[in-house]
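J.: Got a structure here, written out as structure tokens. Questions coming.
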Amino acid sequence: MTRFGDFAPLCTSTPSYPWCNLFYRQLQRTSVTTFLNASADPKTAGVGINPTCFIPPTFTTDPDAATPHLGNIANILACGLSFIFTLLLIWLAHRRKAAVGRIEIRTLLGIYAVTLPLNAITTGAFLQQGSTALVVLTALHAGFVAAFFWALLANALVATQVVEDGTWSSLVPYYIFSALIFALGTYLSLDTALGVTDAIGSSANPPDSLRSISLFVVLTIWPLLCVVLYVALMTYIVLAVLHEHRPMVFYALSALLFVLSQLAWFLLGRVLCT
């Protein structure tokens with residue numbers, strides 16, 4: 001039975017779910033007997049824990065391994081194109097001198113740009129499963145993802161003009177909370193993988209449930225909450241404050257595409273695997 005905070009269903013059935021890298025290292029410390037088939041050997045293990053399907057390691061030192069694979073090539077290309085487009089958006093935002101929240105939106109886009117190469121690496125099977133390098137990069141990825149969703153919510157708060165955008169009263173709490181949430185996400189991820197403390201890094205019961213409530217809240221519930229609050233705040237600002245309707249078309253379309261992308265990743269990916 002799946003409980004709140006269990007990552008096992010995601011790490012088994014969701015292709016290239018990056019946070020599974022953390023649990024692979026945790027199981028190496030606490031329960032190596034959990035690994036089956038290709039996951040039993042770090043040299044052949046892809047992203048996931050005993051996954052239904054996975055992308056073989058891009059590089060391997062195993063002389064008996066097959067020809068090197070291209071890795072998660074589609075995701076790598078998507079991340080590369082998105083990175084270039086995000087840099088373009090940052091440049092365009094910099095040119096909009098009179099735009100509300102110009103500095104804040106550039107920071108949001110900058111954080112997102114950082115997550116893209118990290119996403120390509122942590123889901124691309126470039127590094128050996130269980131390696132310290134992969135754990136650290138995955139933890140940094142988690143920290144930046146958590147910080148990104150705070151920055152998204154903060155941009156909606158700035159748009160309300162409760163405080164003047166671009167001033168110290170806006171930027172100081174914006175950057176402080178971004179740094180704190182980044183540090184929280186990174187620390188929880190490192191502790192989960194490396195077992196710094198028993199409270200967070202100890203193995204779940206049973207170990208194969210891959211349970212971590214703190215990590216689940218930071219990487220799943222927190223982003224969902226930020227997105228919902230962002231959409232609610234921007235809807236209020238556009239309709240009730242500005243009395244506009246056309247911008248809502250773009251917000252509604254963005255929200256729909258976000259939902260569809262998550263459904264495609266978590267549900268359609270499972271169908272393609274089976």
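So you can find residues: chains in the structure tokens are A, B, ... in the order shown, residues in each start at 1, and ligands are numbered from 1 in order.
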Would you please extract all alpha helix (DSSP H) residues from region 90-180 of chain A, as assigned by DSSP on the backbone, and give them as a VMD selection string?

T.: chain A and resid 90 to 95 102 to 123 132 to 159 168 to 180

J.: Near Thr167 (chain A), within 12 Å and counting only C-alpha atoms, which residues show up once chain neighbours fewer than 6 positions away are dropped, as a list in words?

T.: Val100, Gly101, Arg102, Ile103, Glu104, Val158, Gln161, Pro173, Tyr174 and Tyr175 of chain A

J.: Let me make sure I understand: among A:Thr86, A:Ser170, A:Ser261, A:Ser13, which one has the smallest atom-to-atom distance to Leu116 (chain A) if we use only C-alpha atoms?

T.: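 Looking only at the distances to Leu116 (chain A), the closest residue turns out to be A:Thr86.
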
J.: Can you pull out every residue within 12 Å of Asp198 (chain A), counting only C-alpha atoms, but drop anything in the same chain fewer than 6 positions away, and send it as number ranges by chain?

T.: A: 26, 30, 188, 191-192, 204, 212

J.: Generate the output file for the selected residues, N, CA, C and O atoms, as a short mmCIF file (atom, residue, chain, number, x, y, z; two decimals), in the first residue's frame.

T.:
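What follows is the written file result11.cif:
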```
data_model
loop_
_atom_site.label_atom_id
_atom_site.label_comp_id
_atom_site.auth_asym_id
_atom_site.auth_seq_id
_atom_site.Cartn_x
_atom_site.Cartn_y
_atom_site.Cartn_z
N GLN A 26 20.89 5.84 -1.09
CA GLN A 26 20.39 5.45 0.24
C GLN A 26 20.31 3.94 0.37
O GLN A 26 20.73 3.37 1.38
N THR A 30 21.87 1.06 2.95
CA THR A 30 21.00 0.42 3.94
C THR A 30 20.38 -0.90 3.50
O THR A 30 20.06 -1.73 4.35
N LEU A 188 18.13 18.54 2.45
CA LEU A 188 17.26 17.37 2.60
C LEU A 188 17.64 16.28 1.60
O LEU A 188 17.61 15.09 1.92
N ASP A 191 20.98 14.70 2.73
CA ASP A 191 20.78 13.88 3.92
C ASP A 191 20.06 12.58 3.57
O ASP A 191 20.39 11.51 4.09
N THR A 192 19.08 12.67 2.68
CA THR A 192 18.36 11.47 2.26
C THR A 192 19.32 10.46 1.62
O THR A 192 19.24 9.26 1.89
N ALA A 204 13.66 3.84 4.95
CA ALA A 204 12.23 3.70 5.26
C ALA A 204 11.94 2.27 5.69
O ALA A 204 12.77 1.37 5.57
N SER A 212 10.19 9.30 2.07
CA SER A 212 10.79 10.50 2.66
C SER A 212 9.75 11.61 2.61
O SER A 212 9.55 12.25 1.58
#
```

J.: Pick out the closest residue to Thr235 (chain A) from this set: A:Thr160, A:Thr44, A:Asn50, A:Asn205. Count only C-alpha atoms.

T.: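 Nearest to Thr235 (chain A): A:Thr160.
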
J.: Which is closer to Ala74 (chain A) than all the others in A:Thr123, A:Ala156, A:Leu210, A:Met248, using only C-alpha atoms?

T.: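 Distance minimum relative to Ala74 (chain A) lands on A:Thr123.
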
J.: Write out as a tab-separated table the residues of region 176-257 of chain A that have any atom within 12 Å of an atom of region 141-155 of chain A, one row each with the nearest atom pair and its distance in Å to one decimal, counting only C-alpha atoms, sorted by chain and then rising number.

T.:
```
residue	atom	partner	partner_atom	distance
A:Ile176	CA	A:Ala147	CA	10.5
A:Phe177	CA	A:Trp150	CA	7.8
A:Ser178	CA	A:Ala147	CA	5.2
A:Ala179	CA	A:Ala147	CA	7.3
A:Leu180	CA	A:Ala147	CA	8.2
A:Ile181	CA	A:Ala147	CA	5.4
A:Phe182	CA	A:Gly143	CA	4.2
A:Ala183	CA	A:Gly143	CA	6.3
A:Leu184	CA	A:Gly143	CA	6.9
A:Gly185	CA	A:Gly143	CA	4.2
A:Thr186	CA	A:Gly143	CA	4.4
A:Tyr187	CA	A:Gly143	CA	8.0
A:Leu188	CA	A:Gly143	CA	8.8
A:Ser189	CA	A:Ala142	CA	7.0
A:Leu190	CA	A:Ala142	CA	9.8
A:Thr192	CA	A:Ala142	CA	11.9
A:Leu215	CA	A:Ala142	CA	9.2
A:Phe216	CA	A:Ala142	CA	11.0
A:Val217	CA	A:Ala146	CA	10.1
A:Val218	CA	A:Ala146	CA	6.5
A:Leu219	CA	A:Ala146	CA	6.4
A:Thr220	CA	A:Ala146	CA	9.1
A:Ile221	CA	A:Ala146	CA	10.3
A:Trp222	CA	A:Ala146	CA	7.4
A:Pro223	CA	A:Phe149	CA	5.6
A:Leu224	CA	A:Phe149	CA	8.7
A:Leu225	CA	A:Phe149	CA	9.0
A:Cys226	CA	A:Leu153	CA	5.5
A:Val227	CA	A:Leu153	CA	7.2
A:Val228	CA	A:Leu153	CA	9.1
A:Leu229	CA	A:Leu153	CA	6.9
A:Tyr230	CA	A:Leu153	CA	5.2
A:Val231	CA	A:Leu153	CA	9.0
A:Ala232	CA	A:Leu153	CA	10.3
A:Leu233	CA	A:Leu153	CA	8.8
A:Met234	CA	A:Asn155	CA	9.6
```

J.: Work out how far CA of Phe250 (chain A) is from CA of Tyr112 (chain A), in Å to one decimal.

T.: 19.6 Å

J.: Taking into account only C-alpha atoms, which residue in the set A:Phe23, A:Ala133, A:Arg106, A:Arg211 is nearest to Thr2 (chain A)?

T.: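 When distances to Thr2 (chain A) are compared using only C-alpha atoms, the smallest one comes from A:Arg211.
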
J.: Using Å and a single decimal, report how far CA of Cys53 (chain A) sits from CA of Pro117 (chain A).

T.: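 Between these atoms lies a distance of 23.0 Å.
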
J.: List the spatial neighbours of Leu22 (chain A) as a VMD selection string - criterion: any atom at most 10 Å away, only C-alpha atoms, same-chain residues fewer than 2 positions off excluded.

T.: chain A and resid 18 to 20 24 to 27 48 129 to 132 134 to 136 138 to 139 189 to 194 210

J.: Can you work out the spacing between CA of Ser16 (chain A) and CA of Asn72 (chain A) in Å, to one decimal?

T.: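 Rounded to one decimal, the two atoms are 8.2 Å apart.
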
J.: Residues near Pro57 (chain A), anyone? I mean within 10 Å using only C-alpha atoms, not counting same-chain ones fewer than 3 positions away, as a PyMOL selection string.

T.: chain A and resi 42-47+54+60+65+68-72+124-129
